[in-house]
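Engineer: Sharing input-v5.txt here; it has compact mmCIF, C-alpha atoms.
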```txt
# COMPACT_ATOMS: atom_id res chain seq x y z
CA LYS E 1 109.81 92.38 185.93
CA GLY E 2 112.32 93.32 183.18
CA SER E 3 113.18 89.69 182.73
CA ALA E 4 109.49 88.84 182.44
CA GLU E 5 108.85 91.47 179.73
CA LYS E 6 111.86 90.26 177.79
CA ALA E 7 110.67 86.70 178.06
CA SER E 8 107.13 87.62 176.97
CA ASN E 9 108.41 89.36 173.78
CA PRO E 10 111.30 87.21 172.60
CA ALA E 11 110.93 88.29 168.88
CA ARG E 12 111.53 91.98 169.55
CA ALA E 13 115.30 91.99 169.35
CA PRO E 14 115.52 89.71 166.27
CA SER E 15 112.82 91.82 164.51
CA GLN E 16 114.81 95.00 165.04
CA ALA E 17 117.91 93.27 163.77
CA ALA E 18 116.04 92.11 160.66
CA LYS E 19 114.91 95.67 159.89
CA GLU E 20 118.44 96.95 160.21
CA GLY E 21 119.66 94.11 158.01
CA ASN E 22 117.09 94.90 155.30
CA ALA E 23 118.03 98.59 155.38
CA SER E 24 121.64 97.64 154.98
CA GLU E 25 120.85 95.39 152.01
CA GLU E 26 118.80 98.13 150.32
CA LYS E 27 121.69 100.59 150.63
CA LYS E 28 124.05 97.98 149.21
CA GLU E 29 121.75 97.21 146.27
CA LYS E 30 121.30 100.91 145.55
CA ALA E 31 125.03 101.46 145.58
CA GLU E 32 125.57 98.48 143.30
CA GLY E 33 122.75 99.63 140.99
CA GLU E 34 124.32 103.04 140.53
CA GLY E 35 127.42 101.41 139.17
CA ALA E 36 125.75 98.46 137.45
CA LEU E 37 127.15 97.43 134.10
CA SER E 38 125.24 96.39 131.04
CA ASP E 39 125.50 92.65 130.31
CA VAL E 40 126.07 93.27 126.62
CA CYS E 41 128.54 96.11 126.42
CA CYS E 42 130.11 96.52 129.85
CA ARG E 43 128.93 100.10 130.25
CA PRO E 44 126.77 101.49 133.04
CA VAL E 45 123.15 100.59 132.38
CA GLU E 46 121.93 104.17 132.69
CA GLU E 47 124.63 105.36 130.33
CA VAL E 48 123.59 102.80 127.73
CA ALA E 49 119.92 103.73 128.11
CA ALA E 50 120.66 107.46 127.89
CA ALA E 51 122.78 106.94 124.78
CA ALA E 52 120.01 104.92 123.13
CA ARG E 53 117.44 107.61 123.87
CA ALA E 54 119.69 110.35 122.57
CA SER E 55 120.44 108.35 119.43
CA ALA E 56 116.75 107.76 118.75
CA ALA E 57 115.94 111.42 119.26
CA SER E 58 118.68 112.92 117.14
CA LEU E 59 119.74 110.56 114.37
CA ASP E 60 121.56 112.46 111.67
CA ASP E 61 119.63 111.95 108.44
CA SER E 62 122.63 112.91 106.33
CA LEU E 63 124.65 110.14 107.95
CA LEU E 64 121.88 107.66 107.26
CA ALA E 65 121.80 108.79 103.65
CA LYS E 66 125.50 108.08 103.25
CA LYS E 67 124.90 104.50 104.34
CA THR E 68 122.73 103.93 101.27
CA ASN E 69 125.73 104.68 99.01
CA LEU E 70 123.49 106.11 96.34
CA PRO E 71 125.11 107.99 93.45
CA PRO E 72 124.44 111.75 93.68
CA ASP E 73 122.85 111.87 90.21
CA PHE E 74 120.26 109.18 90.95
CA GLN E 75 116.77 110.70 91.07
CA ILE E 76 113.89 109.05 92.94
CA SER E 77 110.29 110.09 92.36
CA VAL E 78 107.88 109.67 95.27
CA ALA E 79 104.08 109.36 95.33
CA VAL E 80 102.01 109.79 98.50
CA LEU E 81 98.62 108.19 99.06
CA THR E 82 96.63 109.28 102.12
CA VAL E 83 94.01 106.74 103.16
CA SER E 84 91.26 108.23 105.30
CA ASP E 85 87.48 108.38 105.01
CA ARG E 86 87.23 111.62 106.95
CA ALA E 87 90.12 113.39 105.19
CA HIS E 88 88.65 112.38 101.83
CA ASP E 89 85.19 113.64 102.79
CA GLY E 90 86.53 116.93 104.14
CA VAL E 91 85.69 116.27 107.80
CA TYR E 92 89.25 117.31 108.56
CA SER E 93 92.26 118.27 106.46
CA ASP E 94 94.93 115.77 105.51
CA GLU E 95 97.94 116.33 107.78
CA SER E 96 99.90 113.12 107.28
CA GLY E 97 100.32 113.63 103.52
CA PRO E 98 101.97 117.05 103.99
CA ALA E 99 104.05 115.55 106.83
CA ILE E 100 105.47 113.02 104.38
CA GLU E 101 106.14 115.74 101.82
CA ASN E 102 108.02 117.83 104.38
CA ALA E 103 110.04 114.83 105.55
CA ILE E 104 111.02 114.03 101.95
CA LYS E 105 112.14 117.62 101.32
CA GLN E 106 114.14 117.76 104.56
CA TYR E 107 115.82 114.44 103.84
CA ALA E 108 116.69 115.52 100.32
CA ALA E 109 118.23 118.75 101.60
CA ALA E 110 120.23 116.98 104.32
CA SER E 111 121.50 114.21 102.05
CA ASN E 112 121.84 116.06 98.72
CA LEU E 113 119.82 113.29 97.10
CA LYS E 114 117.37 114.06 94.30
CA LEU E 115 113.97 113.21 95.74
CA LEU E 116 110.99 114.53 93.79
CA LEU E 117 107.39 114.35 94.96
CA THR E 118 105.46 113.62 91.78
CA ALA E 119 101.99 112.66 93.01
CA ARG E 120 99.69 113.03 96.01
CA LYS E 121 96.19 111.78 96.51
CA VAL E 122 93.58 111.20 99.24
CA VAL E 123 91.27 108.17 99.06
CA ARG E 124 88.72 106.47 101.30
CA ASP E 125 89.45 103.42 103.45
CA ASP E 126 88.43 101.12 100.64
CA VAL E 127 90.43 98.22 99.21
CA LYS E 128 89.38 98.90 95.62
CA GLU E 129 90.14 102.63 95.77
CA ILE E 130 93.53 102.07 97.40
CA SER E 131 94.63 99.29 95.07
CA ARG E 132 93.34 101.14 91.98
CA SER E 133 95.33 104.25 92.92
CA ILE E 134 98.53 102.29 93.49
CA LYS E 135 98.16 100.41 90.21
CA ALA E 136 97.50 103.63 88.30
CA TRP E 137 100.87 104.93 89.46
CA THR E 138 102.92 101.74 89.17
CA ASP E 139 101.49 100.75 85.80
CA ASN E 140 102.14 104.24 84.41
CA GLU E 141 98.52 105.02 83.65
CA GLY E 142 98.82 108.75 84.32
CA GLY E 143 98.04 108.30 88.00
CA VAL E 144 94.82 110.30 88.38
CA SER E 145 91.60 111.21 86.70
CA SER E 146 90.79 114.78 85.79
CA LYS E 147 87.63 114.44 87.88
CA GLU E 148 89.62 113.88 91.08
CA SER E 149 90.11 117.33 92.57
CA ASN E 150 92.01 115.99 95.61
CA ALA E 151 94.80 114.53 93.49
CA THR E 152 97.94 115.98 91.97
CA HIS E 153 100.29 114.33 89.51
CA HIS E 154 103.39 115.56 87.71
CA GLY E 155 105.26 113.65 85.06
CA HIS E 156 104.50 110.36 83.35
CA GLU E 157 107.10 107.94 84.72
CA SER E 158 105.96 105.58 87.46
CA PRO E 159 107.22 106.62 90.91
CA GLY E 160 110.12 104.70 92.36
CA LEU E 161 108.61 104.93 95.85
CA ILE E 162 104.95 104.94 96.84
CA LEU E 163 104.20 105.83 100.45
CA THR E 164 100.73 105.27 101.85
CA THR E 165 99.63 106.75 105.16
CA GLY E 166 96.72 105.58 107.30
CA GLY E 167 94.61 102.45 107.56
CA THR E 168 97.22 100.15 109.12
CA GLY E 169 95.50 99.56 112.46
CA PHE E 170 92.96 97.06 113.79
CA SER E 171 89.61 98.69 113.04
CA ASN E 172 87.28 97.22 110.44
CA ARG E 173 88.01 100.11 108.09
CA ASP E 174 91.81 99.69 108.30
CA VAL E 175 92.42 97.88 105.02
CA THR E 176 95.54 99.51 103.56
CA PRO E 177 97.79 96.45 104.14
CA GLU E 178 95.23 94.20 102.43
CA ALA E 179 95.01 96.53 99.42
CA THR E 180 98.80 96.77 99.26
CA LYS E 181 99.31 93.01 99.34
CA LEU E 182 96.64 92.63 96.69
CA VAL E 183 98.62 94.64 94.12
CA CYS E 184 102.17 93.69 95.10
CA GLU E 185 103.95 91.17 92.91
CA ARG E 186 106.50 90.54 95.66
CA LEU E 187 106.32 91.33 99.36
CA ALA E 188 109.09 92.79 101.55
CA THR E 189 107.84 91.42 104.84
CA THR E 190 111.10 91.79 106.76
CA LEU E 191 111.42 95.46 105.79
CA ALA E 192 107.99 96.37 107.16
CA ALA E 193 108.50 94.33 110.33
CA SER E 194 111.93 95.82 110.98
CA ILE E 195 110.74 99.43 110.70
CA THR E 196 107.79 98.68 112.99
CA LEU E 197 110.06 97.05 115.56
CA GLN E 198 112.52 99.94 115.55
CA SER E 199 109.69 102.46 115.92
CA SER E 200 108.35 100.59 118.92
CA ARG E 201 111.45 101.52 120.91
CA ASN E 202 110.06 105.04 121.16
CA GLU E 203 106.37 104.18 120.95
CA PRO E 204 105.42 100.68 122.20
CA PHE E 205 102.01 100.84 120.52
CA ALA E 206 103.78 100.97 117.15
CA LEU E 207 103.75 97.18 117.34
CA LEU E 208 100.00 97.33 116.68
CA SER E 209 100.72 98.42 113.12
CA ARG E 210 99.94 95.90 110.38
CA ALA E 211 101.97 97.80 107.78
CA ALA E 212 102.97 96.01 104.59
CA ALA E 213 105.72 96.61 102.07
CA GLY E 214 106.32 95.22 98.62
CA ILE E 215 107.11 95.65 94.94
CA ARG E 216 104.95 96.15 91.90
CA LYS E 217 106.78 96.45 88.58
CA LYS E 218 109.44 99.14 89.21
CA SER E 219 107.93 100.71 92.33
CA VAL E 220 108.55 100.04 96.01
CA ILE E 221 105.37 100.41 98.11
CA PHE E 222 105.45 101.04 101.84
CA ASN E 223 102.66 101.58 104.39
CA LEU E 224 103.07 104.31 107.00
CA PRO E 225 100.84 105.03 110.01
CA GLY E 226 98.22 107.76 109.87
CA ARG E 227 99.41 110.11 112.63
CA PRO E 228 101.84 112.85 111.46
CA LYS E 229 104.17 112.28 114.44
CA ALA E 230 104.33 108.54 113.73
CA VAL E 231 104.87 109.25 110.02
CA LYS E 232 107.90 111.40 110.80
CA GLU E 233 109.37 108.82 113.18
CA ASN E 234 108.89 105.96 110.72
CA LEU E 235 110.40 107.86 107.82
CA ARG E 236 113.44 108.84 109.87
CA ILE E 237 114.16 105.14 110.20
CA ALA E 238 112.81 103.83 106.92
CA LEU E 239 113.94 106.29 104.23
CA PRO E 240 117.55 105.07 103.90
CA GLN E 241 116.40 101.46 103.43
CA LEU E 242 113.55 102.42 101.11
CA LEU E 243 115.73 104.57 98.89
CA LYS E 244 118.33 101.81 98.68
CA ALA E 245 115.58 99.36 97.76
CA VAL E 246 114.36 101.65 94.97
CA TYR E 247 117.88 102.01 93.60
CA GLU E 248 118.43 98.24 93.54
CA LEU E 249 115.04 97.64 91.93
CA ARG E 250 115.55 100.28 89.24
CA ASN E 251 119.09 99.14 88.45
CA ALA E 252 118.49 95.39 88.48
CA ASP E 253 119.55 93.44 85.42
```
Show me the file's structure as structure tokens.
Structural biologist:
Amino acid sequence: KGSAEKASNPARAPSQAAKEGNASEEKKEKAEGEGALSDVCCRPVEEVAAAARASAASLDDSLLAKKTNLPPDFQISVAVLTVSDRAHDGVYSDESGPAIENAIKQYAAASNLKLLLTARKVVRDDVKEISRSIKAWTDNEGGVSSKESNATHHGHESPGLILTTGGTGFSNRDVTPEATKLVCERLATTLAASITLQSSRNEPFALLSRAAAGIRKKSVIFNLPGRPKAVKENLRIALPQLLKAVYELRNAD
């Protein structure tokens, strides 16, 4: 009878052996995975990943500032343009503009660079309004009208850096990149793409940004996202490059 049962189920023993073999392979792969090395730097994969995350989370702004090699007496004026229908109409308060202002102040304190916020304004998601505001600053036309209660402007020199926030997405009302390109005399396509790519390491959806960057007269213009958290992350990466760009533009022959 035993021989008959064995003959009627000939796959039983091999099946059990296969299960044991698979279990053994899984243990082996797990053991190898724990000590796996990165293909690019010969360090454990998890160690490389952990180091990258830690670096992204705690980059030292003062160290980044040193990489720009800017002279300590060089002063850079900054203008901030918030682009949002609802913020302009008072549906909600502008949070991204103040986020930029705080980031500028913190960076200046950490790097000992002279960064001065000279203008801030909120406009609607409208190509004409955005481009007109940028041109008013870059062309040294005083920046604002006395009728615009949501605008502030100090000084008469055109800002070295103009940061816009909002309107860089895919909705029909997101037109900040188009307005920026309209007024720029030269574009800095690689700069905008590089900042977006670096930001996507922490937030994959950052790649959906259509941000633009460029130059008009003696001002560098750069588009930031509209969310305060994204603004802070982008500036942490972008400020050293932007400030270096302003210095080169202002000191060109």
Engineer: Could you jot down the CA of Gly97 (chain E) to CA of Leu81 (chain E) separation for me, Å, one decimal place?
Structural biologist: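 We find that CA of Gly97 (chain E) and CA of Leu81 (chain E) lie 7.2 Å from each other.
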Engineer: Quick one: everything within 7 Å of Ala213 (chain E), counting only C-alpha atoms, minus sequence neighbours fewer than 5 positions away in the same chain. Send it as a PDB file with C-alpha atoms, keeping the file's coordinate frame.
Structural biologist:
```
ATOM      1  CA  LEU E 187     106.320  91.330  99.360  1.00  0.00           C
ATOM      2  CA  ALA E 188     109.090  92.790 101.550  1.00  0.00           C
ATOM      3  CA  THR E 189     107.840  91.420 104.840  1.00  0.00           C
ATOM      4  CA  LEU E 191     111.420  95.460 105.790  1.00  0.00           C
ATOM      5  CA  ALA E 192     107.990  96.370 107.160  1.00  0.00           C
ATOM      6  CA  ILE E 221     105.370 100.410  98.110  1.00  0.00           C
ATOM      7  CA  PHE E 222     105.450 101.040 101.840  1.00  0.00           C
ATOM      8  CA  ASN E 223     102.660 101.580 104.390  1.00  0.00           C
TER       9      ASN E 223
END
```
Engineer: To one decimal place in Å, what is the distance between CA of Ser209 (chain E) and CA of Phe170 (chain E)?
Structural biologist: 7.9 Å
Engineer: Measuring atom to atom with only C-alpha atoms, identify which of E:Pro71, E:Pro177, E:Gly169, E:Gly226 is nearest to Leu207 (chain E).
Structural biologist: E:Gly169
Engineer: My list of candidates is E:Ser93, E:Tyr107, E:Arg201, E:Gly166. Which is closest to Arg236 (chain E) when distances are computed with all atoms listed in the file?
Structural biologist: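 The closest residue to Arg236 (chain E) is E:Tyr107.
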Engineer: Would you list the residues near (110.6, 99.8, 115.3), meaning any protein, DNA or RNA residue with an atom at most 12 Å from that point in file coordinates, counting only C-alpha atoms, as a list in words?
Structural biologist: Ala56, Thr190, Leu191, Ala192, Ala193, Ser194, Ile195, Thr196, Leu197, Gln198, Ser199, Ser200, Arg201, Asn202, Glu203, Pro204, Phe205, Ala206, Leu207, Leu208, Ser209, Ala211, Ala230, Glu233, Asn234, Leu235, Arg236, Ile237 and Ala238 of chain E
Engineer: Produce the centre coordinates and the three edge lengths, each in Å to one decimal, of the box along x, y and z that contains all listed atoms of region 156-168 of chain E with 3 Å added on each side, as JSON.
Structural biologist:
```
{"center_x": 102.4, "center_y": 105.3, "center_z": 96.2, "size_x": 21.5, "size_y": 16.2, "size_z": 31.8}
```
Engineer: Just to confirm, what's the straight-line distance from CA of Val91 (chain E) to CA of Ile104 (chain E) in Å (one decimal)?
Structural biologist: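 Computing the Euclidean distance for CA of Val91 (chain E) and CA of Ile104 (chain E) yields 26.1 Å.
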Engineer: Taking (90.8, 100.8, 99.9) as a centre in this file's frame and 12 Å as the limit, can you find every polymer residue with an atom that close, using only C-alpha atoms, and give them as JSON, numbers by chain?
Structural biologist: {"E": [81, 82, 83, 84, 85, 88, 122, 123, 124, 125, 126, 127, 128, 129, 130, 131, 132, 133, 134, 164, 165, 166, 167, 168, 172, 173, 174, 175, 176, 177, 178, 179, 180, 181, 182, 183]}
Engineer: Counting all atoms listed in the file, which of E:Ala110, E:Cys184, E:Leu224, E:Leu117 gets nearest to Lys135 (chain E)?
Structural biologist: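 Smallest distance to Lys135 (chain E) is found for E:Cys184.
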Engineer: Residues at most 9 Å from Tyr247 (chain E), counting all atoms listed in the file, excluding those fewer than 4 positions away in the same chain, as a PyMOL selection string?
Structural biologist: chain E and resi 70+74+76+160+242-243+251-252
